[in-house]
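**Q** Contents of target.txt (compact mmCIF, C-alpha atoms) are given next:
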```
# COMPACT_ATOMS: atom_id res chain seq x y z
CA MET A 1 0.00 0.00 0.00
CA SER A 2 1.48 3.36 -0.99
CA ASP A 3 1.70 6.41 1.28
CA ALA A 4 -0.83 8.17 -0.89
CA SER A 5 -3.42 5.43 -0.49
CA ILE A 6 -2.84 5.30 3.27
CA ASN A 7 -3.36 9.07 3.47
CA ALA A 8 -6.46 8.86 1.29
CA SER A 9 -8.04 6.15 3.43
CA THR A 10 -7.21 8.08 6.62
CA VAL A 11 -8.85 11.21 5.24
CA ASN A 12 -11.83 9.16 4.10
CA ALA A 13 -12.28 7.59 7.52
CA GLN A 14 -11.92 11.02 9.11
CA THR A 15 -14.62 12.43 6.80
CA ARG A 16 -16.99 9.61 7.70
CA ALA A 17 -16.46 10.07 11.43
CA ASP A 18 -17.00 13.83 11.18
CA GLU A 19 -19.88 13.71 8.72
CA ALA A 20 -22.93 15.61 9.90
CA SER A 21 -26.03 13.65 10.78
CA PHE A 22 -29.57 15.00 10.65
CA GLY A 23 -29.23 15.67 14.39
CA ASP A 24 -26.26 17.99 13.80
CA TYR A 25 -28.33 20.17 11.49
CA PHE A 26 -31.14 20.11 14.06
CA ALA A 27 -28.63 21.18 16.75
CA LEU A 28 -27.99 24.35 14.70
CA LEU A 29 -31.53 25.40 15.62
CA LYS A 30 -30.64 25.49 19.34
CA PRO A 31 -33.37 23.07 20.48
CA ARG A 32 -33.11 24.09 24.15
CA VAL A 33 -33.71 27.75 23.34
CA MET A 34 -36.45 26.65 20.97
CA SER A 35 -38.26 24.88 23.83
CA LEU A 36 -38.46 28.20 25.70
CA VAL A 37 -39.73 29.90 22.54
CA VAL A 38 -42.38 27.20 22.04
CA PHE A 39 -43.59 27.41 25.62
CA THR A 40 -43.78 31.22 25.89
CA ALA A 41 -45.35 31.58 22.42
CA LEU A 42 -47.93 28.92 23.36
CA VAL A 43 -48.80 30.82 26.53
CA GLY A 44 -49.14 34.06 24.51
CA LEU A 45 -51.42 32.31 22.03
CA LEU A 46 -53.62 30.64 24.67
CA ALA A 47 -53.80 33.66 26.98
CA ALA A 48 -55.21 35.75 24.11
CA PRO A 49 -58.95 36.36 24.44
CA VAL A 50 -59.67 35.00 20.92
CA PRO A 51 -60.15 31.27 20.30
CA VAL A 52 -57.87 29.77 17.67
CA HIS A 53 -58.49 26.59 15.68
CA PRO A 54 -56.24 23.94 17.28
CA PHE A 55 -54.51 23.09 14.00
CA VAL A 56 -53.88 26.75 13.17
CA GLY A 57 -52.57 27.21 16.72
CA PHE A 58 -50.26 24.22 16.31
CA CYS A 59 -48.95 25.59 13.01
CA ALA A 60 -48.44 29.07 14.48
CA ILE A 61 -46.32 27.68 17.35
CA LEU A 62 -44.40 25.44 14.95
CA PHE A 63 -43.51 28.31 12.61
CA ILE A 64 -42.59 30.61 15.50
CA ALA A 65 -40.31 27.81 16.79
CA ILE A 66 -38.76 27.30 13.34
CA GLY A 67 -38.20 31.07 13.03
CA GLY A 68 -36.50 31.03 16.45
CA GLY A 69 -34.41 28.04 15.37
CA ALA A 70 -33.44 29.76 12.12
CA SER A 71 -32.15 32.77 14.03
CA GLY A 72 -30.16 30.32 16.19
CA ALA A 73 -28.52 28.86 13.07
CA LEU A 74 -27.66 32.36 11.80
CA ASN A 75 -26.24 33.19 15.24
CA MET A 76 -24.01 30.09 15.09
CA TRP A 77 -22.89 31.03 11.58
CA TRP A 78 -21.83 34.53 12.67
CA ASP A 79 -20.36 33.49 16.03
CA ALA A 80 -18.41 30.43 14.77
CA ASP A 81 -15.11 32.14 15.62
CA ILE A 82 -15.93 32.78 19.28
CA ASP A 83 -17.81 29.49 19.69
CA LYS A 84 -14.49 27.74 18.99
CA VAL A 85 -12.92 29.48 21.97
CA MET A 86 -15.64 29.05 24.60
CA LYS A 87 -15.84 25.79 26.57
CA ARG A 88 -19.63 25.96 26.65
CA THR A 89 -19.98 26.25 22.86
CA LYS A 90 -17.02 24.47 21.28
CA GLY A 91 -19.02 21.25 20.89
CA ARG A 92 -21.54 23.00 18.60
CA PRO A 93 -21.84 21.65 15.01
CA ILE A 94 -19.67 24.34 13.33
CA PRO A 95 -16.73 24.53 15.79
CA SER A 96 -16.66 20.72 16.03
CA GLY A 97 -16.24 20.60 12.24
CA LYS A 98 -19.41 18.64 11.48
CA VAL A 99 -21.27 21.42 9.67
CA GLU A 100 -19.74 24.12 7.48
CA GLU A 101 -20.42 27.80 8.11
CA GLY A 102 -22.03 28.21 4.69
CA GLU A 103 -24.44 25.37 5.40
CA ALA A 104 -25.57 27.04 8.63
CA LEU A 105 -26.08 30.34 6.78
CA ALA A 106 -28.11 28.65 4.03
CA LEU A 107 -30.24 26.70 6.51
CA GLY A 108 -30.83 29.80 8.64
CA LEU A 109 -31.85 31.98 5.70
CA ALA A 110 -34.09 29.33 4.14
CA LEU A 111 -35.88 28.53 7.39
CA SER A 112 -36.26 32.24 8.23
CA GLY A 113 -38.00 32.96 4.93
CA MET A 114 -40.15 29.85 5.13
CA SER A 115 -41.25 30.37 8.74
CA VAL A 116 -42.18 34.05 8.24
CA MET A 117 -44.14 33.31 5.07
CA MET A 118 -45.94 30.31 6.57
CA LEU A 119 -46.82 32.11 9.81
CA ALA A 120 -48.28 35.02 7.80
CA LEU A 121 -50.33 32.58 5.70
CA ALA A 122 -51.46 30.44 8.63
CA THR A 123 -52.45 33.34 10.89
CA ASN A 124 -52.03 36.96 9.75
CA ILE A 125 -49.50 39.29 8.12
CA PHE A 126 -48.93 41.19 11.37
CA ALA A 127 -47.70 38.03 13.13
CA GLY A 128 -45.45 37.15 10.17
CA ALA A 129 -43.96 40.66 10.17
CA PHE A 130 -43.37 40.43 13.90
CA LEU A 131 -41.52 37.14 13.50
CA ALA A 132 -39.38 38.66 10.72
CA PHE A 133 -38.54 41.60 13.00
CA THR A 134 -37.63 39.22 15.85
CA ILE A 135 -35.23 37.27 13.62
CA PHE A 136 -33.72 40.54 12.38
CA PHE A 137 -33.37 41.83 15.94
CA TYR A 138 -31.66 38.67 17.21
CA VAL A 139 -29.32 38.21 14.26
CA VAL A 140 -28.45 41.76 13.21
CA ILE A 141 -29.03 43.94 16.28
CA TYR A 142 -27.90 41.46 18.94
CA THR A 143 -25.52 38.96 17.32
CA MET A 144 -23.79 41.17 14.74
CA TRP A 145 -23.84 44.49 16.53
CA LEU A 146 -24.40 44.56 20.29
CA LYS A 147 -22.93 41.26 21.48
CA ARG A 148 -19.34 42.24 20.77
CA SER A 149 -19.61 45.98 21.28
CA THR A 150 -21.35 46.75 24.57
CA PRO A 151 -21.66 45.22 28.05
CA GLN A 152 -25.39 45.96 27.77
CA ASN A 153 -25.54 43.22 25.08
CA ILE A 154 -27.58 40.90 27.29
CA VAL A 155 -30.01 43.62 28.36
CA ILE A 156 -30.99 44.82 24.88
CA GLY A 157 -30.49 41.45 23.22
CA GLY A 158 -32.87 39.94 25.76
CA ALA A 159 -35.68 41.60 23.82
CA ALA A 160 -35.26 39.05 21.02
CA GLY A 161 -35.99 36.19 23.40
CA ALA A 162 -38.92 38.10 24.85
CA PHE A 163 -40.88 38.53 21.60
CA PRO A 164 -42.37 34.99 21.19
CA PRO A 165 -45.35 35.46 23.57
CA VAL A 166 -46.17 38.73 21.75
CA ILE A 167 -46.05 36.91 18.39
CA GLY A 168 -48.29 34.15 19.82
CA TRP A 169 -50.80 36.75 21.02
CA VAL A 170 -50.75 38.61 17.68
CA ALA A 171 -51.15 35.31 15.79
CA ALA A 172 -54.38 34.71 17.74
CA THR A 173 -55.83 38.21 17.80
CA GLY A 174 -54.26 40.07 14.86
CA SER A 175 -53.93 43.07 17.18
CA MET A 176 -51.96 44.34 20.16
CA SER A 177 -52.76 45.24 23.77
CA ILE A 178 -50.96 45.71 27.08
CA GLU A 179 -51.03 42.03 28.20
CA PRO A 180 -48.57 40.58 25.65
CA TRP A 181 -46.18 43.43 26.48
CA LEU A 182 -46.33 42.44 30.15
CA MET A 183 -45.22 38.93 29.13
CA PHE A 184 -42.52 40.53 26.97
CA ALA A 185 -41.34 42.65 29.91
CA LEU A 186 -41.24 39.62 32.20
CA THR A 187 -38.78 37.78 29.92
CA PHE A 188 -36.90 40.97 29.07
CA MET A 189 -36.23 41.83 32.73
CA TRP A 190 -35.48 38.21 33.62
CA THR A 191 -32.75 37.78 30.98
CA PRO A 192 -29.99 39.99 32.52
CA PRO A 193 -29.89 38.41 36.00
CA HIS A 194 -30.17 34.96 34.39
CA PHE A 195 -27.16 35.52 32.09
CA TRP A 196 -25.06 37.53 34.51
CA ALA A 197 -25.33 34.70 37.07
CA LEU A 198 -24.07 32.36 34.33
CA ALA A 199 -21.24 34.78 33.48
CA LEU A 200 -20.17 34.82 37.14
CA PHE A 201 -19.46 31.08 37.25
CA MET A 202 -18.48 30.54 33.58
CA ARG A 203 -16.08 33.43 33.81
CA SER A 204 -13.10 32.41 31.72
CA ASP A 205 -15.37 31.63 28.73
CA TYR A 206 -16.41 35.20 27.99
CA ASP A 207 -12.97 36.59 28.88
CA ASP A 208 -11.28 34.20 26.43
CA ALA A 209 -13.72 35.01 23.64
CA GLY A 210 -13.38 38.78 24.18
CA VAL A 211 -17.14 39.23 24.58
CA PRO A 212 -17.66 42.42 26.63
CA MET A 213 -19.79 40.91 29.37
CA LEU A 214 -20.46 43.12 32.37
CA THR A 215 -18.17 40.86 34.44
CA VAL A 216 -15.28 41.75 32.10
CA THR A 217 -15.92 45.46 31.52
CA HIS A 218 -17.27 46.63 34.90
CA GLY A 219 -16.00 43.94 37.22
CA ARG A 220 -17.64 41.19 39.18
CA LYS A 221 -18.73 43.34 42.13
CA ALA A 222 -20.69 45.64 39.77
CA THR A 223 -22.26 42.58 38.13
CA ARG A 224 -23.46 41.32 41.50
CA THR A 225 -25.07 44.72 42.21
CA HIS A 226 -26.65 44.77 38.75
CA ILE A 227 -28.20 41.34 39.38
CA LEU A 228 -29.81 42.64 42.59
CA VAL A 229 -31.17 45.83 40.96
CA TYR A 230 -32.67 43.95 38.00
CA THR A 231 -34.16 41.33 40.32
CA VAL A 232 -35.90 44.02 42.41
CA LEU A 233 -37.36 45.63 39.25
CA LEU A 234 -38.33 42.20 37.92
CA ALA A 235 -40.12 41.34 41.17
CA LEU A 236 -42.18 44.56 41.04
CA LEU A 237 -43.15 43.84 37.44
CA ALA A 238 -43.89 40.15 37.99
CA ILE A 239 -46.12 40.75 41.01
CA GLY A 240 -47.80 43.76 39.33
CA THR A 241 -48.71 41.52 36.37
CA ALA A 242 -50.90 39.50 38.74
CA PHE A 243 -53.44 42.36 38.68
CA SER A 244 -53.63 42.61 34.88
CA GLY A 245 -55.89 40.77 32.43
CA ILE A 246 -53.57 37.74 32.29
CA GLY A 247 -53.09 37.51 36.07
CA GLY A 248 -55.23 36.09 38.87
CA PRO A 249 -54.97 34.44 42.30
CA VAL A 250 -53.00 31.40 41.08
CA TYR A 251 -50.48 33.62 39.32
CA LEU A 252 -50.25 35.91 42.35
CA VAL A 253 -49.34 33.05 44.71
CA VAL A 254 -46.73 31.69 42.27
CA ALA A 255 -45.27 35.17 41.68
CA VAL A 256 -45.02 36.05 45.38
CA VAL A 257 -43.29 32.78 46.31
CA LEU A 258 -40.88 32.74 43.36
CA ASN A 259 -39.96 36.41 43.62
CA ALA A 260 -39.29 36.06 47.35
CA LEU A 261 -36.88 33.18 46.56
CA PHE A 262 -35.33 35.04 43.63
CA LEU A 263 -34.81 38.22 45.68
CA ARG A 264 -33.23 36.16 48.45
CA GLY A 265 -30.82 34.62 45.93
CA ALA A 266 -29.96 37.99 44.37
CA TRP A 267 -29.38 39.51 47.81
CA LYS A 268 -27.00 36.66 48.75
CA ILE A 269 -25.12 37.09 45.46
CA SER A 270 -24.75 40.83 46.04
CA ARG A 271 -23.32 40.31 49.54
CA ARG A 272 -20.75 37.72 48.52
CA THR A 273 -17.10 38.39 47.83
CA GLU A 274 -15.10 36.57 45.17
CA GLU A 275 -13.30 34.65 47.93
CA ASP A 276 -16.64 33.37 49.28
CA ALA A 277 -17.68 32.32 45.79
CA GLU A 278 -14.38 30.59 45.00
CA ALA A 279 -14.51 28.76 48.34
CA ASP A 280 -17.77 26.95 47.55
CA ASN A 281 -17.30 26.82 43.75
CA PHE A 282 -20.01 29.43 43.08
CA LYS A 283 -22.71 27.42 44.84
CA VAL A 284 -25.04 30.39 45.36
CA GLU A 285 -24.60 31.68 41.79
CA ARG A 286 -25.25 28.21 40.36
CA SER A 287 -28.40 27.67 42.41
CA PHE A 288 -29.63 31.19 41.45
CA PHE A 289 -29.13 30.28 37.78
CA LYS A 290 -31.08 27.02 38.21
CA LEU A 291 -33.84 28.87 40.04
CA SER A 292 -34.01 31.41 37.20
CA LEU A 293 -34.94 28.60 34.76
CA LEU A 294 -37.73 27.44 37.04
CA TYR A 295 -38.75 31.06 37.67
CA LEU A 296 -39.63 31.83 34.05
CA PHE A 297 -41.22 28.43 33.42
CA LEU A 298 -43.52 28.69 36.45
CA HIS A 299 -44.54 32.32 35.79
CA PHE A 300 -45.63 31.48 32.25
CA GLY A 301 -47.14 28.22 33.54
CA ALA A 302 -49.26 30.24 35.98
CA ILE A 303 -50.42 32.58 33.18
CA LEU A 304 -51.40 29.47 31.20
CA VAL A 305 -53.32 28.02 34.17
CA GLU A 306 -55.23 31.32 34.57
CA ALA A 307 -56.08 31.28 30.85
CA LEU A 308 -57.28 27.67 30.97
CA LEU A 309 -59.34 28.29 34.13
CA LYS A 310 -61.16 31.11 32.31
CA ASN A 311 -62.68 28.47 30.02
CA TYR A 312 -64.51 27.12 33.08
CA GLY A 313 -65.60 30.50 34.36
CA LEU A 314 -62.70 30.57 36.83
CA GLY A 315 -59.32 32.32 36.66
CA GLY A 316 -58.60 36.02 36.71
CA TRP A 317 -60.13 38.38 39.27
CA MET B 1 -17.05 7.33 -10.89
CA SER B 2 -20.73 6.57 -11.12
CA LEU B 3 -22.81 6.12 -8.00
CA ARG B 4 -24.35 2.68 -7.97
CA LYS B 5 -27.49 2.07 -5.99
CA SER B 6 -25.59 0.02 -3.42
CA HIS B 7 -22.87 2.63 -2.87
CA GLU B 8 -21.85 2.92 0.77
CA LEU B 9 -22.66 6.65 0.60
CA HIS B 10 -26.35 5.72 0.62
CA GLN B 11 -25.97 3.71 3.81
CA ARG B 12 -23.80 6.35 5.44
CA ARG B 13 -26.27 9.13 4.74
CA PHE B 14 -29.40 7.05 5.28
CA SER B 15 -30.40 8.74 8.54
CA ARG B 16 -29.86 12.21 7.08
CA ASN B 17 -31.89 11.43 3.97
CA LEU B 18 -34.62 9.81 6.03
CA GLY B 19 -34.79 12.92 8.24
CA VAL B 20 -35.09 15.25 5.24
CA GLY B 21 -37.72 12.98 3.66
CA LEU B 22 -39.83 12.82 6.80
CA THR B 23 -39.53 16.61 7.28
CA LEU B 24 -40.75 17.25 3.74
CA ALA B 25 -43.61 14.76 4.20
CA ALA B 26 -44.61 16.52 7.42
CA PHE B 27 -44.54 19.87 5.61
CA ILE B 28 -46.92 18.52 2.95
CA VAL B 29 -49.30 17.27 5.66
CA ILE B 30 -49.20 20.70 7.33
CA ILE B 31 -49.95 22.57 4.10
CA PHE B 32 -52.80 20.17 3.34
CA GLY B 33 -54.21 20.44 6.86
CA LEU B 34 -54.00 24.24 6.83
CA THR B 35 -55.79 24.35 3.48
CA ILE B 36 -58.63 22.19 4.79
CA VAL B 37 -58.97 24.29 7.96
CA LYS B 38 -58.92 27.58 6.00
CA VAL B 39 -61.48 26.59 3.37
CA SER B 40 -63.85 25.06 5.91
CA GLY B 41 -63.69 28.10 8.21
CA THR B 42 -66.70 30.42 8.44
CA ASP B 43 -64.72 33.48 7.37
CA PHE B 44 -63.65 31.95 4.05
CA THR B 45 -65.33 33.46 0.97
CA VAL B 46 -64.74 32.57 -2.66
CA PRO B 47 -63.84 35.70 -4.71
CA THR B 48 -66.76 36.97 -6.84
CA SER B 49 -64.82 36.54 -10.09
CA GLU B 50 -64.26 32.87 -9.25
CA VAL B 51 -67.96 32.36 -8.55
CA GLN B 52 -68.96 33.89 -11.92
CA ASN B 53 -66.51 31.61 -13.75
```
Taking this structure as input, can you express it in the form of structure tokens?
**A**
Amino acid sequence: MSDASINASTVNAQTRADEASFGDYFALLKPRVMSLVVFTALVGLLAAPVPVHPFVGFCAILFIAIGGGASGALNMWWDADIDKVMKRTKGRPIPSGKVEEGEALALGLALSGMSVMMLALATNIFAGAFLAFTIFFYVVIYTMWLKRSTPQNIVIGGAAGAFPPVIGWVAATGSMSIEPWLMFALTFMWTPPHFWALALFMRSDYDDAGVPMLTVTHGRKATRTHILVYTVLLALLAIGTAFSGIGGPVYLVVAVVLNALFLRGAWKISRRTEEDAEADNFKVERSFFKLSLLYLFLHFGAILVEALLKNYGLGGW
Amino acid sequence: MSLRKSHELHQRRFSRNLGVGLTLAAFIVIIFGLTIVKVSGTDFTVPTSEVQN
């Protein structure tokens, strides 16, 4: 066997091992983020005071999810260089060499166009336009512009993740009111403390990638204070929402309990020094991050329960 | 080199091709379902020009 044939067979075997499966292309759509999009959009759709045909509702959620996934693929295309550096993201399909950047771009663009068009056809033009704006906001405003240029990246970029319940509401009603914006505000205000807690215990990642997270630009003490301030504002908003059209007694109980726990966590984080955090391997920050996942899920779950109870003459005030 | 039906490429990419095939089939079902729902809805009206034809 010649050297050339040995090299050729090695390269061939390498190609086979690294070849992308269907799952790798699906991973470009960020399925975990998509699950949050599906859930919050579903709550927005069901909390709307207009009944939707179940199949149309299913299609609306599906196309919102695909639009969210498409923006995830475009985000991975643009951020391939920094994903290679960060521990948390280097296993993604592009940095691991399974999918090429151009493939992610093509998939993202194709799915963006398809999802916007199909949502507009299935529900209404307004919802389709809103989905298009959300994709634009996440990809251009957040990923291309803010993420690498300002420590407020998470704050403003959080808006992109907060749009799905508004799109769900608009898909059902074809119009706008204050309630979907309360759901938007809930996710918008929740995003900074959620990500800053992550940045506190995944610290070297953002430093290495040169992403100007608040922890890097303003220091860790300032980040801890920011988490507390945002959590206080979030608590006021979350409990205030209980007295709106989408709130009710069930939501109020959930909001009071969760916000008390969240405030307690934020207070502990703000009082800790780096030495304390290092000593217990960021135990408080990690548990605050885990609680933040439950926090958003249960708030939207409570809004959903209130909406479902209304069908039986219960729910709301 | 021509690709014969039994080429190992087909086996290697079977799961990917199956995934794409099933996705496209699901898309067809969705379009069909949406069409049925839309035309059987109460707010659906046939354009006047179509009726005259």
**Q** Please identify all residues of chain A having at least one atom at most 10 Å from any atom of chain B, considering all atoms listed in the file, and return them as number ranges by chain.
**A** A: 16, 19-26, 53-56, 58-59, 118, 121-123
**Q** With all atoms listed in the file as the basis for distance, which of A:Leu293, A:Leu105, A:Ala209, A:Met117 is at the shortest distance from Trp190 (chain A)?
**A** A:Leu293
**Q** Which one is closest to Met202 (chain A): A:Val139, A:Met86, A:Ala110, A:Ala222? Count only C-alpha atoms.
**A** A:Met86
**Q** Which residues are close to Ala277 (chain A), i.e. within 12 Å by all atoms listed in the file, leaving aside same-chain residues fewer than 6 positions away? Reply as a ChimeraX atom specification.
**A** /A:197,200-201,220-221,224,268-271,283-286
**Q** Just the number, please: distance in Å from CA of Trp267 (chain A) to CA of Leu36 (chain A), one decimal.
**A**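 Pair CA of Trp267 (chain A) / CA of Leu36 (chain A) returns 26.4 Å.
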**Q** To one decimal place in Å, what is the distance between CA of Met114 (chain A) and CA of Trp77 (chain A)?
**A**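 Atom-to-atom, CA of Met114 (chain A) to CA of Trp77 (chain A), that is 18.5 Å.
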**Q** Smallest atom-to-atom distance to Val43 (chain A): which of A:Gly316, A:Gly301, A:Gly157, A:Pro93, using all atoms listed in the file?
**A** A:Gly301
**Q** Provide the CA of Phe63 (chain A) to CA of Ala127 (chain A) distance in Å, to one decimal place.
**A** 10.6 Å
**Q** Can you tell me, as number ranges by chain, which residues sit within 8 Å of (-42.3, 35.4, 26.5) in the file's frame, using all atoms listed in the file?
**A** A: 37, 40-41, 43-44, 161-166, 183-184, 186-187, 300
**Q** With a distance cut-off of 8 Å and all atoms listed in the file, select the neighbouring residues of Ala48 (chain A), excluding the residue or stretch itself and same-chain residues fewer than 6 positions from it, and output the selection as a tab-separated table (two decimals) with C-alpha atoms, in the frame of the given file.
**A**
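Contents of the output file part.tsv:
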```tsv
chain	number	residue	atom	x	y	z
A	169	TRP	CA	-50.80	36.75	21.02
A	172	ALA	CA	-54.38	34.71	17.74
A	173	THR	CA	-55.83	38.21	17.80
```
**Q** Which of these residues is nearest to Ser244 (chain A), using all atoms listed in the file: A:Asp207, A:Asp83, A:Glu179, A:Asp280?
**A** A:Glu179
**Q** Could you work out an axis-aligned box for region 95-103 of chain A, taking every atom the file lists and adding 5 Å on each side, and report centre and edge lengths in Å to one decimal, as JSON?
**A**
```
{"center_x": -20.3, "center_y": 23.4, "center_z": 10.4, "size_x": 18.2, "size_y": 19.6, "size_z": 21.3}
```
